[in-house]
$ cat structure.txt   # compact mmCIF, C-alpha atoms
# COMPACT_ATOMS: atom_id res chain seq x y z
CA MET Q 1 72.25 -35.34 46.95
CA LYS Q 2 71.12 -35.98 43.41
CA ALA Q 3 69.57 -32.51 43.16
CA VAL Q 4 72.88 -30.93 44.13
CA GLN Q 5 74.72 -32.85 41.44
CA VAL Q 6 72.23 -31.91 38.73
CA GLU Q 7 72.59 -28.33 39.93
CA ARG Q 8 76.34 -28.34 39.35
CA VAL Q 9 76.13 -29.95 35.93
CA GLU Q 10 73.48 -27.42 34.90
CA ALA Q 11 75.42 -24.47 36.32
CA SER Q 12 78.24 -25.09 33.87
CA ASN Q 13 75.84 -24.80 30.91
CA THR Q 14 74.26 -21.58 32.08
CA THR Q 15 75.43 -19.18 29.41
CA ALA Q 16 76.18 -21.90 26.89
CA ASN Q 17 73.55 -21.65 24.26
CA PRO Q 18 71.55 -18.58 23.13
CA ALA Q 19 70.04 -20.72 20.35
CA VAL Q 20 68.23 -22.80 22.97
CA ASN Q 21 66.50 -19.69 24.26
CA LYS Q 22 65.48 -18.71 20.74
CA GLY Q 23 64.10 -22.22 20.23
CA VAL Q 24 62.11 -21.97 23.49
CA SER Q 25 60.76 -18.58 22.37
CA ILE Q 26 59.60 -19.95 19.01
CA LEU Q 27 57.93 -22.93 20.72
CA ASP Q 28 56.33 -20.44 23.13
CA PHE Q 29 54.89 -18.53 20.15
CA ILE Q 30 53.48 -21.69 18.53
CA LEU Q 31 51.94 -22.92 21.80
CA ARG Q 32 50.30 -19.53 22.33
CA ILE Q 33 48.66 -19.79 18.90
CA VAL Q 34 47.37 -23.27 19.83
CA ALA Q 35 45.94 -21.83 23.06
CA VAL Q 36 44.32 -18.91 21.17
CA ILE Q 37 42.59 -21.37 18.83
CA GLY Q 38 41.49 -23.54 21.78
CA THR Q 39 39.99 -20.73 23.87
CA LEU Q 40 38.43 -18.95 20.89
CA ALA Q 41 36.85 -22.18 19.64
CA SER Q 42 35.50 -22.89 23.13
CA ALA Q 43 34.02 -19.41 23.49
CA ILE Q 44 32.38 -19.56 20.05
CA ALA Q 45 31.12 -23.14 20.41
CA MET Q 46 29.52 -22.37 23.77
CA GLY Q 47 28.32 -18.89 22.80
CA THR Q 48 26.50 -19.94 19.64
CA THR Q 49 24.83 -23.10 20.93
CA ASN Q 50 21.07 -22.91 20.84
CA GLU Q 51 18.41 -25.58 20.77
CA THR Q 52 14.69 -25.15 20.38
CA LEU Q 53 12.60 -28.20 21.07
CA PRO Q 54 9.89 -29.13 18.56
CA PHE Q 55 7.41 -30.08 21.29
CA PHE Q 56 6.09 -28.58 24.49
CA THR Q 57 4.73 -29.94 27.77
CA GLN Q 58 3.94 -28.35 31.08
CA PHE Q 59 7.41 -28.82 32.60
CA ILE Q 60 9.92 -28.93 29.77
CA GLN Q 61 11.41 -25.65 28.53
CA PHE Q 62 11.20 -24.59 24.88
CA ARG Q 63 14.71 -23.44 24.30
CA ALA Q 64 18.23 -23.91 25.68
CA GLN Q 65 21.17 -21.56 25.21
CA TYR Q 66 24.33 -20.76 27.15
CA SER Q 67 22.90 -17.71 28.93
CA ASP Q 68 20.35 -19.87 30.75
CA LEU Q 69 23.07 -21.05 33.12
CA PRO Q 70 25.39 -18.53 34.83
CA SER Q 71 28.34 -20.98 34.76
CA PHE Q 72 28.19 -21.13 30.96
CA THR Q 73 28.08 -17.34 30.73
CA PHE Q 74 31.19 -17.23 32.94
CA PHE Q 75 32.81 -19.86 30.70
CA VAL Q 76 32.25 -17.73 27.58
CA ILE Q 77 33.54 -14.56 29.31
CA ALA Q 78 36.62 -16.30 30.77
CA ASN Q 79 37.54 -17.86 27.42
CA SER Q 80 37.07 -14.54 25.60
CA ILE Q 81 39.23 -12.61 28.07
CA VAL Q 82 41.98 -15.24 27.99
CA SER Q 83 41.99 -15.43 24.18
CA VAL Q 84 42.31 -11.61 23.94
CA TYR Q 85 45.16 -11.74 26.48
CA LEU Q 86 46.86 -14.52 24.49
CA ILE Q 87 46.60 -12.56 21.24
CA LEU Q 88 48.18 -9.52 22.94
CA SER Q 89 50.90 -11.72 24.47
CA LEU Q 90 51.87 -12.90 20.98
CA PHE Q 91 53.57 -9.52 20.43
CA LEU Q 92 55.68 -10.02 23.55
CA SER Q 93 56.42 -13.55 22.40
CA ILE Q 94 57.73 -12.20 19.05
CA TYR Q 95 59.83 -9.68 21.00
CA HIS Q 96 61.34 -12.60 22.95
CA ILE Q 97 62.26 -14.38 19.71
CA VAL Q 98 64.14 -11.27 18.58
CA ARG Q 99 65.71 -10.44 21.95
CA SER Q 100 66.13 -13.79 23.66
CA GLU Q 101 68.03 -12.34 26.65
CA SER Q 102 65.10 -10.23 27.94
CA ARG Q 103 64.15 -10.95 31.52
CA VAL Q 104 61.69 -8.49 33.10
CA SER Q 105 59.15 -9.00 30.33
CA ARG Q 106 59.41 -12.79 30.79
CA ILE Q 107 58.75 -12.49 34.52
CA ALA Q 108 55.72 -10.30 33.73
CA LEU Q 109 54.52 -12.98 31.30
CA VAL Q 110 54.85 -15.68 33.98
CA PHE Q 111 52.67 -13.61 36.32
CA PHE Q 112 49.96 -12.86 33.74
CA ASP Q 113 50.08 -16.43 32.40
CA SER Q 114 49.41 -17.86 35.86
CA ALA Q 115 46.56 -15.42 36.48
CA SER Q 116 45.04 -16.23 33.06
CA MET Q 117 45.42 -19.94 33.71
CA ALA Q 118 43.54 -19.57 37.00
CA LEU Q 119 40.72 -17.66 35.25
CA LEU Q 120 40.51 -20.17 32.39
CA THR Q 121 40.57 -23.20 34.71
CA ALA Q 122 37.86 -21.65 36.87
CA GLY Q 123 35.62 -21.09 33.82
CA ALA Q 124 36.25 -24.52 32.30
CA SER Q 125 35.76 -26.34 35.57
CA ALA Q 126 32.57 -24.51 36.58
CA ALA Q 127 31.12 -25.30 33.15
CA ALA Q 128 32.27 -28.94 33.42
CA ALA Q 129 30.50 -29.30 36.77
CA ILE Q 130 27.23 -28.09 35.22
CA VAL Q 131 27.70 -30.20 32.06
CA TYR Q 132 28.13 -33.25 34.30
CA LEU Q 133 24.94 -32.33 36.14
CA ALA Q 134 23.10 -31.83 32.84
CA HIS Q 135 24.13 -35.32 31.74
CA LYS Q 136 23.67 -37.24 35.00
CA GLY Q 137 21.42 -35.09 37.15
CA ASN Q 138 21.44 -35.61 40.91
CA VAL Q 139 18.92 -37.79 42.70
CA ARG Q 140 19.71 -36.52 46.19
CA ALA Q 141 19.16 -32.86 45.26
CA ASN Q 142 16.19 -33.63 42.95
CA TRP Q 143 17.99 -32.13 39.95
CA PHE Q 144 17.01 -33.88 36.72
CA ALA Q 145 19.30 -34.63 33.78
CA ILE Q 146 18.23 -32.07 31.17
CA CYS Q 147 20.27 -33.83 28.46
CA GLN Q 148 17.42 -36.29 28.01
CA GLN Q 149 15.52 -33.44 26.37
CA PHE Q 150 18.31 -31.28 24.98
CA ASN Q 151 20.54 -33.65 23.03
CA THR Q 152 22.20 -31.27 20.57
CA PHE Q 153 22.67 -28.62 23.25
CA CYS Q 154 24.41 -31.12 25.51
CA GLU Q 155 26.72 -32.37 22.77
CA ARG Q 156 27.79 -28.81 21.96
CA ILE Q 157 28.43 -27.76 25.56
CA SER Q 158 30.43 -30.94 26.21
CA GLY Q 159 32.53 -30.37 23.09
CA ALA Q 160 33.13 -26.72 23.98
CA LEU Q 161 35.05 -27.80 27.09
CA ILE Q 162 37.79 -29.54 25.07
CA GLY Q 163 39.38 -26.34 23.73
CA SER Q 164 39.61 -24.87 27.22
CA PHE Q 165 41.24 -27.92 28.73
CA ILE Q 166 43.81 -28.05 25.90
CA ALA Q 167 44.60 -24.38 26.63
CA ILE Q 168 45.07 -25.16 30.35
CA VAL Q 169 47.70 -27.81 29.56
CA VAL Q 170 49.37 -25.34 27.15
CA PHE Q 171 49.51 -22.75 29.96
CA ILE Q 172 51.29 -25.19 32.31
CA LEU Q 173 53.87 -25.79 29.54
CA LEU Q 174 54.21 -22.05 28.80
CA ILE Q 175 54.88 -21.18 32.44
CA SER Q 176 57.47 -23.96 32.82
CA MET Q 177 59.17 -22.96 29.55
CA SER Q 178 59.33 -19.33 30.68
CA ALA Q 179 61.06 -20.48 33.88
CA VAL Q 180 63.61 -22.40 31.79
CA ALA Q 181 64.17 -19.39 29.50
CA ILE Q 182 64.62 -17.01 32.45
CA SER Q 183 67.22 -19.32 33.99
CA ARG Q 184 69.19 -19.55 30.73
CA ARG Q 185 69.38 -15.84 29.95
CA MET J 1 61.14 1.16 23.93
CA LYS J 2 60.31 1.36 27.61
CA ALA J 3 60.65 -2.39 28.04
CA VAL J 4 64.14 -2.24 26.55
CA GLN J 5 65.16 0.47 29.01
CA VAL J 6 63.85 -1.39 32.02
CA GLU J 7 65.71 -4.42 30.75
CA ARG J 8 69.02 -2.59 30.77
CA VAL J 9 68.53 -1.10 34.21
CA GLU J 10 67.62 -4.53 35.58
CA ALA J 11 70.51 -6.23 33.82
CA SER J 12 73.01 -4.21 35.83
CA ASN J 13 71.52 -5.48 39.10
CA THR J 14 71.56 -9.12 38.07
CA THR J 15 74.11 -10.55 40.43
CA ALA J 16 73.86 -7.75 42.97
CA ASN J 17 72.14 -9.22 45.97
CA PRO J 18 72.06 -12.83 47.24
CA ALA J 19 70.16 -11.60 50.33
CA VAL J 20 67.18 -10.72 48.11
CA ASN J 21 66.97 -14.34 46.98
CA LYS J 22 67.11 -15.56 50.56
CA GLY J 23 64.29 -13.12 51.41
CA VAL J 24 62.23 -14.44 48.50
CA SER J 25 62.84 -18.02 49.67
CA ILE J 26 61.70 -17.25 53.21
CA LEU J 27 58.57 -15.49 51.91
CA ASP J 28 58.01 -18.54 49.67
CA PHE J 29 58.15 -20.80 52.76
CA ILE J 30 55.66 -18.63 54.71
CA LEU J 31 53.23 -18.42 51.76
CA ARG J 32 53.35 -22.21 51.36
CA ILE J 33 52.34 -22.64 55.01
CA VAL J 34 49.42 -20.22 54.41
CA ALA J 35 48.37 -22.30 51.40
CA VAL J 36 48.64 -25.57 53.38
CA ILE J 37 46.35 -24.14 56.06
CA GLY J 38 43.89 -22.88 53.41
CA THR J 39 43.63 -26.14 51.46
CA LEU J 40 43.59 -28.33 54.56
CA ALA J 41 40.86 -26.21 56.18
CA SER J 42 38.82 -26.36 52.95
CA ALA J 43 39.13 -30.14 52.69
CA ILE J 44 38.18 -30.66 56.34
CA ALA J 45 35.32 -28.13 56.31
CA MET J 46 33.79 -29.71 53.20
CA GLY J 47 34.56 -33.28 54.23
CA THR J 48 32.95 -33.11 57.66
CA THR J 49 29.79 -31.20 56.77
CA ASN J 50 26.65 -33.16 57.42
CA GLU J 51 23.07 -32.08 57.98
CA THR J 52 20.11 -34.23 58.91
CA LEU J 53 16.71 -32.61 58.64
CA PRO J 54 14.31 -33.00 61.56
CA PHE J 55 11.31 -33.50 59.25
CA PHE J 56 10.43 -35.57 56.22
CA THR J 57 8.13 -35.16 53.22
CA GLN J 58 7.77 -37.03 49.97
CA PHE J 59 10.34 -34.93 48.04
CA ILE J 60 12.80 -33.53 50.54
CA GLN J 61 15.86 -35.64 51.39
CA PHE J 62 16.70 -36.62 54.95
CA ARG J 63 20.38 -35.89 54.98
CA ALA J 64 22.98 -33.84 53.11
CA GLN J 65 26.71 -34.48 53.02
CA TYR J 66 29.54 -33.74 50.60
CA SER J 67 29.52 -37.16 48.94
CA ASP J 68 25.99 -36.56 47.62
CA LEU J 69 27.43 -34.31 44.89
CA PRO J 70 30.40 -35.48 42.76
CA SER J 71 31.77 -31.92 42.48
CA PHE J 72 32.13 -31.71 46.26
CA THR J 73 33.90 -35.08 46.35
CA PHE J 74 36.31 -33.78 43.69
CA PHE J 75 36.79 -30.61 45.77
CA VAL J 76 37.79 -32.64 48.85
CA ILE J 77 40.15 -34.86 46.80
CA ALA J 78 41.77 -31.91 44.97
CA ASN J 79 42.32 -29.97 48.21
CA SER J 80 43.78 -33.03 49.95
CA ILE J 81 46.20 -33.79 47.08
CA VAL J 82 47.34 -30.16 46.86
CA SER J 83 47.84 -29.85 50.62
CA VAL J 84 49.97 -33.03 50.66
CA TYR J 85 51.99 -31.65 47.72
CA LEU J 86 52.43 -28.33 49.53
CA ILE J 87 53.64 -30.05 52.71
CA LEU J 88 56.21 -32.01 50.66
CA SER J 89 57.28 -28.84 48.82
CA LEU J 90 58.09 -27.22 52.18
CA PHE J 91 61.27 -29.33 52.31
CA LEU J 92 62.38 -28.01 48.92
CA SER J 93 61.50 -24.52 50.11
CA ILE J 94 63.80 -24.95 53.13
CA TYR J 95 66.52 -26.23 50.79
CA HIS J 96 66.13 -23.01 48.76
CA ILE J 97 66.57 -20.88 51.88
CA VAL J 98 69.86 -22.67 52.59
CA ARG J 99 71.09 -22.79 48.98
CA SER J 100 69.59 -19.70 47.37
CA GLU J 101 71.45 -20.15 44.06
CA SER J 102 69.74 -23.46 43.16
CA ARG J 103 68.01 -23.41 39.81
CA VAL J 104 66.83 -26.80 38.51
CA SER J 105 64.82 -27.49 41.67
CA ARG J 106 63.17 -24.07 41.34
CA ILE J 107 62.15 -24.78 37.74
CA ALA J 108 60.72 -28.13 38.88
CA LEU J 109 58.77 -26.27 41.58
CA VAL J 110 57.35 -23.83 39.00
CA PHE J 111 56.09 -26.79 36.94
CA PHE J 112 54.52 -28.65 39.88
CA ASP J 113 53.12 -25.41 41.32
CA SER J 114 51.32 -24.60 38.05
CA ALA J 115 49.93 -28.13 37.78
CA SER J 116 48.74 -28.02 41.43
CA MET J 117 47.20 -24.60 40.88
CA ALA J 118 45.25 -25.96 37.90
CA LEU J 119 43.99 -28.92 39.98
CA LEU J 120 43.05 -26.72 42.93
CA THR J 121 41.29 -24.11 40.76
CA ALA J 122 39.37 -26.87 38.99
CA GLY J 123 38.16 -28.30 42.30
CA ALA J 124 37.29 -24.94 43.84
CA SER J 125 35.50 -23.70 40.76
CA ALA J 126 33.47 -26.88 40.18
CA ALA J 127 32.35 -26.75 43.81
CA ALA J 128 31.57 -23.02 43.51
CA ALA J 129 29.35 -23.68 40.48
CA ILE J 130 27.34 -26.25 42.46
CA VAL J 131 27.21 -24.05 45.58
CA TYR J 132 25.79 -21.25 43.43
CA LEU J 133 23.18 -23.64 42.06
CA ALA J 134 22.33 -24.85 45.58
CA HIS J 135 21.73 -21.24 46.64
CA LYS J 136 19.92 -19.90 43.60
CA GLY J 137 18.65 -22.94 41.70
CA ASN J 138 17.88 -22.62 38.01
CA VAL J 139 14.38 -21.99 36.70
CA ARG J 140 15.15 -22.87 33.08
CA ALA J 141 16.55 -26.29 33.95
CA ASN J 142 13.97 -26.95 36.71
CA TRP J 143 16.70 -27.29 39.34
CA PHE J 144 15.50 -26.10 42.74
CA ALA J 145 17.56 -24.22 45.34
CA ILE J 146 18.26 -26.89 47.97
CA CYS J 147 19.58 -24.25 50.40
CA GLN J 148 16.01 -23.44 51.39
CA GLN J 149 15.97 -26.78 53.19
CA PHE J 150 19.63 -27.29 54.06
CA ASN J 151 20.72 -24.06 55.74
CA THR J 152 23.66 -25.25 57.83
CA PHE J 153 24.95 -27.48 55.02
CA CYS J 154 24.91 -24.54 52.60
CA GLU J 155 26.73 -22.24 55.00
CA ARG J 156 29.49 -24.80 55.53
CA ILE J 157 30.00 -25.58 51.82
CA SER J 158 30.12 -21.85 50.99
CA GLY J 159 32.67 -21.22 53.73
CA ALA J 160 34.80 -24.16 52.62
CA LEU J 161 35.47 -22.43 49.29
CA ILE J 162 37.32 -19.51 50.94
CA GLY J 163 40.43 -21.49 51.90
CA SER J 164 40.81 -22.81 48.36
CA PHE J 165 40.52 -19.41 46.73
CA ILE J 166 43.12 -17.96 49.14
CA ALA J 167 45.45 -20.83 48.17
CA ILE J 168 44.91 -20.07 44.44
CA VAL J 169 46.03 -16.46 44.94
CA VAL J 170 49.02 -17.72 46.96
CA PHE J 171 49.96 -20.03 44.06
CA ILE J 172 49.98 -17.13 41.56
CA LEU J 173 52.34 -15.27 43.93
CA LEU J 174 54.54 -18.35 44.47
CA ILE J 175 54.98 -18.93 40.73
CA SER J 176 55.83 -15.26 40.08
CA MET J 177 58.27 -15.21 43.00
CA SER J 178 59.98 -18.35 41.72
CA ALA J 179 60.44 -16.64 38.35
CA VAL J 180 62.05 -13.65 40.08
CA ALA J 181 64.31 -15.93 42.15
CA ILE J 182 65.40 -17.91 39.08
CA SER J 183 66.30 -14.70 37.25
CA ARG J 184 68.38 -13.43 40.19
CA ARG J 185 70.43 -16.54 40.82
$ encode --input "structure.txt" --output "structure tokens"
Amino acid sequence: MKAVQVERVEASNTTANPAVNKGVSILDFILRIVAVIGTLASAIAMGTTNETLPFFTQFIQFRAQYSDLPSFTFFVIANSIVSVYLILSLFLSIYHIVRSESRVSRIALVFFDSASMALLTAGASAAAAIVYLAHKGNVRANWFAICQQFNTFCERISGALIGSFIAIVVFILLISMSAVAISRR
Amino acid sequence: MKAVQVERVEASNTTANPAVNKGVSILDFILRIVAVIGTLASAIAMGTTNETLPFFTQFIQFRAQYSDLPSFTFFVIANSIVSVYLILSLFLSIYHIVRSESRVSRIALVFFDSASMALLTAGASAAAAIVYLAHKGNVRANWFAICQQFNTFCERISGALIGSFIAIVVFILLISMSAVAISRR
């Protein structure tokens, strides 16, 4: 019952305010820049991490870098692809600021935004699962916590996740804002 | 230039066809049922897997189940939450079939759909990273492939991922379809 009422109140405002759409478009542009910074920082932080240990025993490895673990390679690739997509989408975002009534291009953005969000979340979450394992290890599977040896490496890979997770939240906002903008055209 | 043209062609069809929106709503309902089946099957397949080995040595574990690895526990929880959300959203989907012009409830669905997709992708991808490790192991980190011992367990956990990834694709479609429906109201 409540939903129906809200519906009717909203319906009367439908074509009320083109300025609102322009405001949403500008916020969209700013949020995209935040997401570009987040994903780019994540890709660079993970891609450049590298630790060489000063000592050597029979079992411990000399050197740790992102390409040692496939999940981290996927993380770097996913973040790079999404940041390139976001940079390209900035042009469409500017176009929406200028022409706030556009509709087809917004629907296309919603589709590509959701696909990019899925890719980014997959990369971030796969890396997070391995980072957790690196910190805690797993007794049942006989996997040891490698962070005991590779301190700096572990700090960097943990920090690299932050940018990605910020970008995921930004994507949820972007998709919802696009839906609002489409409805207000 | 092309985008502008498409825009104008589309603009003339805006209020043309309420039947299209009803069609989109029915497809939305069917896709949600597919996603419920996918996530529920994933949660059950992962949650009930259990393998006890017939032999015992100093290093090999007796028994493998999903709760041994935190990523698998997260996978089961994420799939359960999303399937409950999807079942609840079926009611809203039915409401959209009846009242195809509704708008606020569709925007709310877009928001919750994106958030659920992020949760589901995170769970599926974290589990996939660990499944990959269980199959292949990692020489650099001294993590051994546990699938050599736990065959049945590994087959089940690999299969359990399928339902989740189908549901992720369904979510991308659902969000895009909602955007189309909102624009056509």
$ atom_distance --input "structure.txt" --atom1 "CA of Val170 in chain Q" --atom2 "CA of Val84 in chain J"
24.7 Å
$ closest_atom_pairs --input "structure.txt" --of "chain Q" --to "chain J" --cutoff "7 Å" --atoms "all atoms listed in the file" --output "Markdown table"
| residue | atom | partner | partner_atom | distance |
| --- | --- | --- | --- | --- |
| Q:Glu7 | CA | J:Val104 | CA | 6.1 |
| Q:Gln61 | CA | J:Arg140 | CA | 6.5 |
| Q:Asp68 | CA | J:Arg140 | CA | 6.4 |
| Q:Ser71 | CA | J:Ala129 | CA | 6.4 |
| Q:Ser102 | CA | J:Glu7 | CA | 6.5 |
| Q:Arg103 | CA | J:Glu7 | CA | 6.8 |
| Q:Val104 | CA | J:Glu7 | CA | 6.2 |
| Q:Ile107 | CA | J:Ala179 | CA | 5.9 |
| Q:Val110 | CA | J:Ser176 | CA | 6.2 |
| Q:Phe111 | CA | J:Ser176 | CA | 5.2 |
| Q:Ser114 | CA | J:Ile172 | CA | 5.8 |
| Q:Ala115 | CA | J:Ile172 | CA | 6.4 |
| Q:Ala118 | CA | J:Thr121 | CA | 6.3 |
| Q:Thr121 | CA | J:Ala122 | CA | 5.8 |
| Q:Ala122 | CA | J:Ser125 | CA | 5.0 |
| Q:Ser125 | CA | J:Ala122 | CA | 5.0 |
| Q:Ala126 | CA | J:Ala126 | CA | 4.4 |
| Q:Ala129 | CA | J:Ala126 | CA | 5.1 |
| Q:Arg140 | CA | J:Asp68 | CA | 6.4 |
| Q:Ala141 | CA | J:Ile146 | CA | 6.6 |
| Q:Trp143 | CA | J:Trp143 | CA | 5.0 |
| Q:Ile146 | CA | J:Ala141 | CA | 6.6 |
| Q:Ile172 | CA | J:Ser114 | CA | 5.8 |
| Q:Ser176 | CA | J:Phe111 | CA | 5.2 |
| Q:Ala179 | CA | J:Ile107 | CA | 5.9 |
| Q:Val180 | CA | J:Ile107 | CA | 6.6 |
| Q:Ile182 | CA | J:Ser183 | CA | 5.6 |
| Q:Ser183 | CA | J:Ile182 | CA | 5.6 |
$ residues_around --input "structure.txt" --residues "Arg156 in chain Q" --least-positions-apart "4" --cutoff "8 Å" --atoms "all atoms listed in the file" --output "list in words"
Ala45, Met46, Thr49, Thr152 and Ala160 of chain Q
$ calpha_fit_rmsd --input "structure.txt" --fixed "chain Q" --moving "chain J"
0.1 Å
$ atom_distance --input "structure.txt" --atom1 "CA of Gln149 in chain J" --atom2 "CA of Leu53 in chain J"
8.0 Å
$ atom_distance --input "structure.txt" --atom1 "CA of Phe165 in chain Q" --atom2 "CA of Phe91 in chain Q"
23.7 Å
$ closest_residue --input "structure.txt" --among "J:Gln148, J:Ser100, J:Ser89, J:Ser80" --to "Ser42 in chain J" --atoms "only C-alpha atoms"
J:Ser80
$ axis_aligned_box --input "structure.txt" --around "range 28-42 of chain J" --padding-each-side "6 Å" --output "lines of an AutoDock Vina configuration file"
center_x = 48.5
center_y = -23.4
center_z = 52.9
size_x = 31.3
size_y = 21.9
size_z = 18.5
